[in-house]
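Heads up, the thing below is written out as structure tokens.
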Amino acid sequence: MKQFQVVGIGNAMVDVLAHADEAFLAANGIGKGIMQLIDMPRAVDLYARIGPAKEISGGSAANTIAGIAHLGGRTAYVGKVKDDQLGAIFAHDLRAQGAVYETSLAAKATEQETGRCIIIVTPDGERSMNTYLGWSEFLTPADIDDAQMAQAEWIYLEGYRFDGPDSQQAFEKAIAACKGAGGRVSITLSDAFCISRHRDAFHKMIVADVDLLFANRAELLAMYQTEDFATALRLAAAEVAIVACTDGADGAHILSQGQHWHLPAVPTQIVDATGAGDLFAGAFLWGITNGYDLQTAGKMGNLAASEIISHIGARPEADLRRLFADAGLI
């Protein structure tokens with residue numbers, strides 16, 4: 001048995017969540033339902049403009065790892081924060097879930113600060129993300145511990161990190177160490193605009209190294225440059241052993257070895273869609289690393305996603321294992 005079921009690598013962020021209407025988005029040049037990269041002055045200005053906010057440790061892959069840890073999985077995370085107030089919050093929250101987090105904190109003298117994502121939630125539950133990457137942007141191969149990657153059954157790579165100047169090389173190092181020790185590789189495409197910036201690099205990695213591809217409908221369409229969802233699913237399944245694609249209210253599609261399962265979403269009141277895909281991935285990975293079949297793991301993913309969108313923030317508030325048990329999944 002390896003030390004870790006899943007090791008995640010991504011942007012270490014703190015989420016700042018606030019509610020506003022679409023007029024606020026328009027007045028402040030915020031694109032609805034997408035992630036926009038911003039610099040520190042924009043982050044400071046936008047923070048001053050929003051109303052009451054809730055600060056919660058986030059980051060896409062970190063949310064996934066926190067979900068796995070919440071379920072009792074053996075997990076670790078790699079992502080950079082600064083030795084500042086938000087950095088301390090991030091590290092504490094992740095470790096409190098039970099995940100191993102050993103990435104060195106940047107010195108206080110470092111110009112960049114801990115990354116944060118200002119998330120504007122509109123009345124329909126859609127989230128519009130304004131991301132200042134801060135120190136998380138500077139992930140390098142030096143931050144990857146070969147021994148830790150070799151102790152992972154799976155590594156989980158966050159597509160957002162393709163924007164980092166040295167992060168793709170960090171991913172390559174992690175993949176080599178993990179696969180060299182018999183582990184497997186999963187990746188989440190993260191964002192359609194991120195794909196448009198790095199499609200060739202994404203595709204090269206998917207074909208060469210990825211065993212499990214996570215995406216939502218928009219991301220998969222962007223990746224395979226088609227407007228036909230069935231075509232995108234088919235193309236992805238031809239390149240990757242397992243495809244897990246979420247489709248909002250229409251649930252999720254799991255494809256593997258010529259089989260295709262469409263799993264309906266779990267109905268719930270949408271309060272905040274932040275983290276739905278992250279927790280779907282976390283529950284799915286927990287399921288398959290604990291011996292459950294792909295269809296059951298997909299159902300776990302849908303149930304975890306429904307729990308996350310029923311409240312503010314991308315970390316579980318209910319006992320996910322209890323929810324799985326009540327649903328007859330475990």
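If you're wondering about the labels, chains in the structure tokens are A, B, ... by order shown, residues count from 1 in each chain, ligands from 1 in order shown.
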
* To do: Find the residues near A:Arg95: any atom within 10 Å, counting only C-alpha atoms, skip ones fewer than 6 places away on the same chain, and give them as a list in words.
  =>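 Here the qualifying residues turn out to be Ala66, Ala69, Ala76, Tyr77, Tyr101 and Glu102 of chain A.
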
Mind writing the picked residues with C-alpha atoms as a CSV table (one decimal), in the first residue's frame?
chain,number,residue,atom,x,y,z
A,66,ALA,CA,-9.7,18.5,1.0
A,69,ALA,CA,-9.3,13.9,3.1
A,76,ALA,CA,-1.2,15.3,0.1
A,77,TYR,CA,-1.1,18.6,-1.6
A,101,TYR,CA,0.8,19.8,3.2
A,102,GLU,CA,4.5,20.4,3.3

* List every residue of stretch 48-270 of chain A that DSSP, applied to the backbone of this structure, places in alpha helix (DSSP H), and write the result as a count of residues only. => 82

* Asked: If you count only C-alpha atoms, which residues fall within 9 Å of A:Lys108, apart from same-chain ones fewer than 4 positions away, as a PyMOL selection string?
  -> chain A and resi 82-84+113

Pull N, CA, C and O atoms from the residues just selected and write them as a CSV table (one decimal), in the first residue's frame.
chain,number,residue,atom,x,y,z
A,82,LYS,N,2.4,32.3,0.6
A,82,LYS,CA,3.3,33.1,1.3
A,82,LYS,C,3.2,33.0,2.9
A,82,LYS,O,2.1,32.6,3.3
A,83,ASP,N,4.2,33.3,3.6
A,83,ASP,CA,4.1,33.3,5.0
A,83,ASP,C,3.4,34.6,5.5
A,83,ASP,O,4.0,35.5,6.1
A,84,ASP,N,2.1,34.6,5.2
A,84,ASP,CA,1.3,35.8,5.6
A,84,ASP,C,0.0,35.3,6.2
A,84,ASP,O,-0.2,34.1,6.3
A,113,GLU,N,2.0,38.1,-2.8
A,113,GLU,CA,1.3,37.6,-1.6
A,113,GLU,C,0.6,36.3,-1.9
A,113,GLU,O,0.6,35.8,-3.0

* List the neighbours of A:Ile50 out to 12 Å using only C-alpha atoms; skip same-chain residues closer than 4 positions along the sequence, and give me the result as a list in words. =>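 Near neighbours after the sequence-gap exclusion: Val16, Leu17, Ala18, His19, Ala20, Asp21, Phe24, Leu25, Ala27, Asn28, Ala43, Val44, Asp45, Leu46, Lys54, Ile118, Ile119, Ile120 and Val121 of chain A.
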
* Asked: Got a sec: who's within 6 Å of A:Glu239, counting only C-alpha atoms, leaving out chain neighbours fewer than 2 positions off, as a PyMOL selection string?
  -> chain A and resi 207+236-237

Using N, CA, C and O atoms, can you write the selected residues to a file as a PDB file, in the first residue's frame?
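Printed below is out.pdb as written:
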ATOM      1  N   VAL A 207      -2.545  12.914 -24.220  1.00  0.00           N
ATOM      2  CA  VAL A 207      -2.251  11.743 -25.048  1.00  0.00           C
ATOM      3  C   VAL A 207      -1.115  10.907 -24.463  1.00  0.00           C
ATOM      4  O   VAL A 207      -1.171   9.678 -24.444  1.00  0.00           O
ATOM      5  N   ALA A 236     -12.441  12.294 -26.586  1.00  0.00           N
ATOM      6  CA  ALA A 236     -11.714  12.175 -25.319  1.00  0.00           C
ATOM      7  C   ALA A 236     -11.545  10.710 -24.930  1.00  0.00           C
ATOM      8  O   ALA A 236     -10.455  10.285 -24.523  1.00  0.00           O
ATOM      9  N   ALA A 237     -12.610   9.934 -25.061  1.00  0.00           N
ATOM     10  CA  ALA A 237     -12.564   8.523 -24.669  1.00  0.00           C
ATOM     11  C   ALA A 237     -11.598   7.721 -25.537  1.00  0.00           C
ATOM     12  O   ALA A 237     -11.085   6.680 -25.102  1.00  0.00           O
TER      13      ALA A 237
END

* To do: Determine which residues of stretch 43-260 of chain A receive a DSSP assignment of strand (DSSP E or B), computed from the backbone, and state them as a PyMOL selection string.
  => chain A and resi 54-58+75-78+82+100-101+106+115-121+127-132+152-158+184-188+212-216+242-246+252-256+259-260

* Compile the contact shell of stretch 294-300 of chain A as a PyMOL selection string: residues with an atom at most 12 Å away, counting only C-alpha atoms, same-chain residues fewer than 2 positions apart removed. => chain A and resi 67-68+71+212+214+241-246+251-257+259-266+277+279-292+302-307+320-330

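Atom CA of A:Ile144 is found 21.8 Å from atom CA of A:Gln97.
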